[in-house]
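Encoded as structure tokens, the structure appears first; notes follow it.
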Amino acid sequence: MSQVTLKGNPVQVDGQLPATGSKAPAFNLVAKDLADVSLASFNGKRKVLNIFPSVDTPTCAMSVRKFNEKASQLSNTVVLCISADLPFAQARFCGAESLSNVVTLSTLRGHDFLKNYGVAIASGPLAGLAARAVVVLDEQDKVLHTELVGEIANEPNYGAALQALN
């Protein structure tokens with residue numbers, strides 16, 4: 001179990017992020033069209049997993065915007081924005097913001113993802129949602145970089161995540 005904070009208050013997070021150098025756990029999440037999407041759906045591409053509680057919070061929304069901006073400059077890379085939001089809400093947000101360089105995925109039917117990736121918030125008001133984290137994978141799903149953001153209200157280290165792809 002890990003610990004982060006939410007506005008300074010301790011929050012327990014179940015599990016550990018996948019270790020750098022390890023093979024990323026497989027997953028099935030839900031796309032904006034309600035189709036099940038697996039990690040294997042992105043075979044041959046580098047992947048940035050932008051994991052967060054909800055797109056309806058300012059910091060989460062900012063991370064989607066920033067990764068959308070950066071993604072357009074990355075070759076053979078897909079940015080997966082993963083949250084508990086329903087696919088309808090994710091699609092509405094990206095449509096309203098004109099964000100087209102990220103793929104939104106919901107944990108709606110993919111609760112195992114939270115535990116397998118070590119991001120399941122286990123205590124506090126956000127229990128049941130994902131902690132803020134970034135996991136970067138190469139084309140073969142080898143973990144290149146991970147970050148569990150210590151304060152949920154803070155943005156991830158975009159530079160470190162993107163540097164892992166160089």
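FYI, nothing fancy with the structure tokens labels: chains A, B, ... in order, residues from 1 per chain, ligands from 1 as they appear.
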
Practice item. List every residue of range 6-159 of chain A that DSSP, applied to the backbone of this structure, places in helix (DSSP H, G or I), and write the result as an MDAnalysis selection string. Key: chainID A and resid 39:42 58:71 87:97 111:116 158:159

Review point. So which residues touch range 20-31 of chain A within 8 Å, counting only C-alpha atoms, skipping near sequence neighbours fewer than 5 positions away, as a list in words?
Key: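 Counting only C-alpha atoms, the residues come to Asp36, Val37, Ser38, Leu39, Ala40, Pro87, Val103, Thr104, Leu105, Ser106, Thr107, Leu108, Arg109, Gly110, Asp112, Phe113, Asn116, Tyr117, Leu137, Asp141, Lys142, Val143, Leu144, His145 and Thr146 of chain A.
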
Export of the given selection (C-alpha atoms) as a PDB file, in the first residue's frame:
ATOM      1  CA  ASP A  36     -14.027  -2.742 -24.415  1.00  0.00           C
ATOM      2  CA  VAL A  37     -10.445  -1.774 -25.209  1.00  0.00           C
ATOM      3  CA  SER A  38      -7.397  -3.737 -24.115  1.00  0.00           C
ATOM      4  CA  LEU A  39      -3.773  -2.795 -23.731  1.00  0.00           C
ATOM      5  CA  ALA A  40      -3.157  -5.066 -26.726  1.00  0.00           C
ATOM      6  CA  PRO A  87     -17.324   7.466 -21.387  1.00  0.00           C
ATOM      7  CA  VAL A 103      -7.710   8.551 -26.084  1.00  0.00           C
ATOM      8  CA  THR A 104     -10.037   8.541 -23.088  1.00  0.00           C
ATOM      9  CA  LEU A 105     -10.700   5.266 -21.296  1.00  0.00           C
ATOM     10  CA  SER A 106     -13.020   4.576 -18.374  1.00  0.00           C
ATOM     11  CA  THR A 107     -12.623   2.114 -15.510  1.00  0.00           C
ATOM     12  CA  LEU A 108     -16.414   1.571 -15.759  1.00  0.00           C
ATOM     13  CA  ARG A 109     -15.933  -2.178 -16.403  1.00  0.00           C
ATOM     14  CA  GLY A 110     -12.199  -2.208 -15.688  1.00  0.00           C
ATOM     15  CA  ASP A 112      -9.054  -4.588 -11.980  1.00  0.00           C
ATOM     16  CA  PHE A 113      -6.960  -1.878 -13.630  1.00  0.00           C
ATOM     17  CA  ASN A 116      -3.198  -4.083 -11.036  1.00  0.00           C
ATOM     18  CA  TYR A 117      -1.637  -0.663 -11.635  1.00  0.00           C
ATOM     19  CA  LEU A 137       5.313   2.116 -21.843  1.00  0.00           C
ATOM     20  CA  ASP A 141       4.582  -2.670 -23.072  1.00  0.00           C
ATOM     21  CA  LYS A 142       7.786  -2.506 -21.057  1.00  0.00           C
ATOM     22  CA  VAL A 143       7.462   0.084 -18.282  1.00  0.00           C
ATOM     23  CA  LEU A 144       9.824   3.003 -18.955  1.00  0.00           C
ATOM     24  CA  HIS A 145       8.634   5.457 -16.292  1.00  0.00           C
ATOM     25  CA  THR A 146       6.147   5.672 -13.441  1.00  0.00           C
TER      26      THR A 146
END

**Study point:** Selected residue of minimal separation from Lys45 in chain A among A:Thr77, A:Glu147, A:Asn101, A:Val4, counting only C-alpha atoms
**Key:** A:Thr77

Closest pair table for range 74-128 of chain A residues within 9 Å of range 49-62 of chain A, only C-alpha atoms, as a tab-separated table:
residue	atom	partner	partner_atom	distance
A:Val78	CA	A:Leu49	CA	8.6
A:Val79	CA	A:Leu49	CA	6.1
A:Leu80	CA	A:Leu49	CA	4.9
A:Cys81	CA	A:Asn50	CA	4.7
A:Ile82	CA	A:Ile51	CA	4.8
A:Ser83	CA	A:Phe52	CA	5.3
A:Ala84	CA	A:Ser54	CA	6.3
A:Asp85	CA	A:Ser54	CA	5.8
A:Ala89	CA	A:Val55	CA	8.2
A:Gln90	CA	A:Val55	CA	7.0
A:Phe93	CA	A:Val55	CA	7.6
A:Val119	CA	A:Ile51	CA	8.2
A:Ile121	CA	A:Pro53	CA	8.9
A:Leu126	CA	A:Pro53	CA	7.6

Review point. So which residues of range 26-161 of chain A fall under strand (DSSP E or B) by DSSP, listed as a ChimeraX atom specification?
Key: /A:28-30,36-38,46-51,77-83,102-106,120-121,130,133-137,142-148,151

Exercise for review: For CA of Glu155 in chain A and CA of Leu17 in chain A, quote the distance in Å rounded to one decimal.
Suggested key: 17.3 Å

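Near Glu151 in chain A, within a cut-off of 6 Å and counting only C-alpha atoms, sit the residues Val4, Thr5, Leu6, Val149, Ala153 and Asn154 of chain A, with same-chain residues fewer than 2 positions away left out.
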
If we count only C-alpha atoms and set the cut-off at 10 Å, which residues sit around Asn157 in chain A, ignoring sequence neighbours fewer than 4 positions away in its own chain? Please answer as a CSV table (one decimal) with all heavy atoms, in the first residue's frame.
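Saved to out25.csv:
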chain,number,residue,atom,x,y,z
A,63,SER,N,-4.4,18.2,-16.9
A,63,SER,CA,-3.4,17.1,-17.3
A,63,SER,C,-3.9,16.6,-18.7
A,63,SER,O,-3.0,16.3,-19.5
A,63,SER,CB,-3.3,16.0,-16.3
A,63,SER,OG,-4.5,15.2,-16.3
A,133,ALA,N,-1.5,9.4,-11.4
A,133,ALA,CA,-0.3,8.7,-11.8
A,133,ALA,C,0.0,8.8,-13.3
A,133,ALA,O,-1.0,9.0,-14.0
A,133,ALA,CB,-0.4,7.2,-11.3
A,134,VAL,N,1.2,8.5,-13.6
A,134,VAL,CA,1.6,8.4,-15.0
A,134,VAL,C,2.5,7.2,-15.2
A,134,VAL,O,3.4,7.0,-14.4
A,134,VAL,CB,2.4,9.7,-15.5
A,134,VAL,CG1,2.8,9.5,-17.0
A,134,VAL,CG2,1.5,10.9,-15.4
A,147,GLU,N,5.1,7.4,-12.2
A,147,GLU,CA,5.0,8.5,-11.2
A,147,GLU,C,3.7,8.3,-10.5
A,147,GLU,O,2.6,8.5,-11.1
A,147,GLU,CB,5.2,9.9,-11.8
A,147,GLU,CG,5.0,11.0,-10.7
A,147,GLU,CD,4.9,12.4,-11.3
A,147,GLU,OE1,4.7,12.5,-12.6
A,147,GLU,OE2,4.9,13.3,-10.5
A,148,LEU,N,3.7,8.1,-9.2
A,148,LEU,CA,2.5,8.3,-8.4
A,148,LEU,C,2.6,9.7,-7.8
A,148,LEU,O,3.5,9.9,-7.0
A,148,LEU,CB,2.4,7.2,-7.3
A,148,LEU,CG,1.2,7.3,-6.3
A,148,LEU,CD1,-0.1,7.1,-7.1
A,148,LEU,CD2,1.4,6.2,-5.2
A,149,VAL,N,1.7,10.6,-8.2
A,149,VAL,CA,1.8,12.0,-7.7
A,149,VAL,C,1.5,12.0,-6.2
A,149,VAL,O,0.5,11.5,-5.8
A,149,VAL,CB,0.9,12.9,-8.6
A,149,VAL,CG1,1.0,14.3,-8.1
A,149,VAL,CG2,1.3,12.8,-10.0
A,161,ALA,N,7.9,12.3,-17.7
A,161,ALA,CA,7.1,11.3,-18.5
A,161,ALA,C,7.5,11.3,-19.9
A,161,ALA,O,7.8,10.3,-20.5
A,161,ALA,CB,5.6,11.6,-18.3
A,162,LEU,N,7.6,12.5,-20.5
A,162,LEU,CA,8.0,12.6,-21.9
A,162,LEU,C,9.4,12.3,-22.2
A,162,LEU,O,9.8,11.8,-23.2
A,162,LEU,CB,7.6,14.0,-22.5
A,162,LEU,CG,6.0,14.3,-22.3
A,162,LEU,CD1,5.8,15.7,-22.7
A,162,LEU,CD2,5.2,13.3,-23.2
